[in-house]
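J.: This is the content of my_file.pdb (PDB, C-alpha atoms):
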ATOM      1  CA  MET Y 206      11.376  14.250 -16.601  1.00  0.00           C
ATOM      2  CA  LEU Y 207      14.121  12.569 -14.629  1.00  0.00           C
ATOM      3  CA  MET Y 208      12.101  12.692 -11.401  1.00  0.00           C
ATOM      4  CA  PHE Y 209       9.342  10.399 -12.658  1.00  0.00           C
ATOM      5  CA  PRO Y 210      11.230   7.128 -12.026  1.00  0.00           C
ATOM      6  CA  GLU Y 211      12.101   8.207  -8.484  1.00  0.00           C
ATOM      7  CA  ILE Y 212       8.507   9.168  -7.726  1.00  0.00           C
ATOM      8  CA  LEU Y 213       7.248   5.888  -9.149  1.00  0.00           C
ATOM      9  CA  GLN Y 214       9.801   3.968  -7.103  1.00  0.00           C
ATOM     10  CA  ALA Y 215       8.805   5.835  -3.930  1.00  0.00           C
ATOM     11  CA  MET Y 216       5.131   5.067  -4.582  1.00  0.00           C
ATOM     12  CA  ILE Y 217       5.844   1.367  -5.071  1.00  0.00           C
ATOM     13  CA  VAL Y 218       7.901   1.142  -1.881  1.00  0.00           C
ATOM     14  CA  GLY Y 219       5.221   3.083   0.012  1.00  0.00           C
ATOM     15  CA  MET Y 220       2.516   0.674  -1.129  1.00  0.00           C
ATOM     16  CA  MET Y 221       4.695  -2.299  -0.169  1.00  0.00           C
ATOM     17  CA  ILE Y 222       4.586  -0.960   3.384  1.00  0.00           C
ATOM     18  CA  ALA Y 223       1.062   0.487   3.468  1.00  0.00           C
ATOM     19  CA  ILE Y 224      -0.856  -2.497   2.071  1.00  0.00           C
ATOM     20  CA  PRO Y 225       0.370  -4.982   4.718  1.00  0.00           C
ATOM     21  CA  ALA Y 226      -0.280  -2.344   7.398  1.00  0.00           C
ATOM     22  CA  ILE Y 227      -3.860  -1.949   6.131  1.00  0.00           C
ATOM     23  CA  LEU Y 228      -4.375  -5.716   6.268  1.00  0.00           C
ATOM     24  CA  ILE Y 229      -2.980  -5.898   9.810  1.00  0.00           C
ATOM     25  CA  TYR Y 230      -5.292  -3.115  10.979  1.00  0.00           C
ATOM     26  CA  LYS Y 231      -8.302  -4.891   9.402  1.00  0.00           C
ATOM     27  CA  LYS Y 232      -7.452  -8.228  11.041  1.00  0.00           C
ATOM     28  CA  ALA Y 233      -6.954  -6.485  14.373  1.00  0.00           C
ATOM     29  CA  GLY Y 234     -10.418  -4.934  14.119  1.00  0.00           C
ATOM     30  CA  LEU Y 235      -9.059  -1.392  13.972  1.00  0.00           C
ATOM     31  CA  ASN Y 236      -9.697   1.340  11.418  1.00  0.00           C
ATOM     32  CA  PRO Y 237      -7.363   0.679   8.451  1.00  0.00           C
ATOM     33  CA  ALA Y 238      -7.083   4.431   7.777  1.00  0.00           C
ATOM     34  CA  TRP Y 239      -4.455   4.501  10.550  1.00  0.00           C
ATOM     35  CA  ALA Y 240      -2.112   2.780   8.082  1.00  0.00           C
ATOM     36  CA  ALA Y 241      -1.682   6.162   6.377  1.00  0.00           C
ATOM     37  CA  LEU Y 242       0.692   7.038   9.219  1.00  0.00           C
ATOM     38  CA  VAL Y 243       3.423   5.015   7.478  1.00  0.00           C
ATOM     39  CA  PHE Y 244       3.792   7.905   5.027  1.00  0.00           C
ATOM     40  CA  LEU Y 245       4.936  10.301   7.758  1.00  0.00           C
ATOM     41  CA  PRO Y 246       8.642  10.913   7.400  1.00  0.00           C
ATOM     42  CA  VAL Y 247      11.003   9.392   9.989  1.00  0.00           C
ATOM     43  CA  PHE Y 248       8.507   8.378  12.699  1.00  0.00           C
ATOM     44  CA  GLY Y 249       5.475   7.126  10.736  1.00  0.00           C
ATOM     45  CA  LEU Y 250       6.298   3.437  10.735  1.00  0.00           C
ATOM     46  CA  LEU Y 251       7.416   3.626  14.362  1.00  0.00           C
ATOM     47  CA  ILE Y 252       4.060   5.155  15.345  1.00  0.00           C
ATOM     48  CA  VAL Y 253       2.205   2.345  13.548  1.00  0.00           C
ATOM     49  CA  PHE Y 254       4.274  -0.316  15.308  1.00  0.00           C
ATOM     50  CA  LEU Y 255       3.794   1.294  18.720  1.00  0.00           C
ATOM     51  CA  GLN Y 256       0.066   1.709  18.191  1.00  0.00           C
ATOM     52  CA  LEU Y 257      -0.361  -1.932  17.186  1.00  0.00           C
ATOM     53  CA  ALA Y 258       1.836  -3.128  20.032  1.00  0.00           C
ATOM     54  CA  PHE Y 259       0.210  -1.240  22.892  1.00  0.00           C
ATOM     55  CA  GLN Y 260      -3.406  -0.686  21.864  1.00  0.00           C
ATOM     56  CA  ALA Y 261      -6.066  -3.211  22.850  1.00  0.00           C
ATOM     57  CA  TRP Y 262      -7.227  -5.167  19.795  1.00  0.00           C
ATOM     58  CA  PRO Y 263     -11.018  -5.481  19.548  1.00  0.00           C
ATOM     59  CA  ASN Y 264     -10.676  -8.864  17.777  1.00  0.00           C
ATOM     60  CA  ALA Y 265      -8.326 -10.345  20.388  1.00  0.00           C
ATOM     61  CA  LYS Y 266      -9.496 -13.577  21.965  1.00  0.00           C
ATOM     62  CA  LYS Y 267     -10.416 -13.243  25.614  1.00  0.00           C
ATOM     63  CA  GLU Y 268      -8.468 -15.460  27.979  1.00  0.00           C
ATOM     64  CA  GLY Y 269     -10.648 -17.057  30.525  1.00  0.00           C
TER      65      GLY Y 269
END
Can I see the file as structure tokens?
T.:
Amino acid sequence: MLMFPEILQAMIVGMMIAIPAILIYKKAGLNPAWAALVFLPVFGLLIVFLQLAFQAWPNAKKEG
């Protein structure tokens, strides 16, 4: 019974990270399912940041 508050707290913190990641993926024109990577322990958020930083965004404006 004592674990319930910790699980609830972990879920709230996880959603505070996942929801903005989903919105960023949608605005970038990428599949928002990739935001689920933030739930990987240790390297999940790093993978999301690296993917968004180095992948070509389909919605990016073309310079020309």
J.: Hey, which of Y:Val247, Y:Ala240, Y:Leu213, Y:Leu257 ends up closest to Y:Ala226? Count all atoms listed in the file.
T.: Y:Ala240
J.: Name all residues at most 12 Å from Y:Gly234 (count all atoms listed in the file; drop same-chain ones fewer than 5 positions away) and give them as a list in words.
T.: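 My reading of the contact set: Ile227, Leu228, Ile229, Trp239, Leu257, Gln260, Ala261, Trp262, Pro263, Asn264, Ala265 and Lys266 of chain Y.
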J.: Which is closest to Y:Leu235 among Y:Gln256, Y:Met221, Y:Gly249, Y:Met216, if we use all atoms listed in the file?
T.: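 Of all the options, Y:Gln256 lies closest to Y:Leu235.
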J.: Take atom CA of Y:Asn236 and atom CA of Y:Leu250 and report the distance between them in Å, one decimal.
T.: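 Pair atom CA of Y:Asn236 / atom CA of Y:Leu250 returns 16.1 Å.
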J.: Give me, please, the distance in Å between atom CA of Y:Ala258 and atom CA of Y:Ala215, quoted to one decimal.
T.: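 According to the coordinates, atom CA of Y:Ala258 and atom CA of Y:Ala215 are separated by 26.5 Å.
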J.: Given the choices Y:Ile212, Y:Val253, Y:Leu245, Y:Ile217, which gets closest to Y:Tyr230 if the distance is worked out from all atoms listed in the file?
T.: Y:Val253
J.: Any idea what the distance is between atom CA of Y:Leu242 and atom CA of Y:Ala223?
T.: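 So the answer is 8.7 Å.
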J.: Hey, could you pull the box centre and edge lengths for stretch 213-230 of chain Y, axis-aligned, 8 Å padding per side, all listed atoms, to one decimal in Å, as lines of an AutoDock Vina configuration file?
T.:
center_x = 2.3
center_y = 0.0
center_z = 0.9
size_x = 31.1
size_y = 27.8
size_z = 36.1
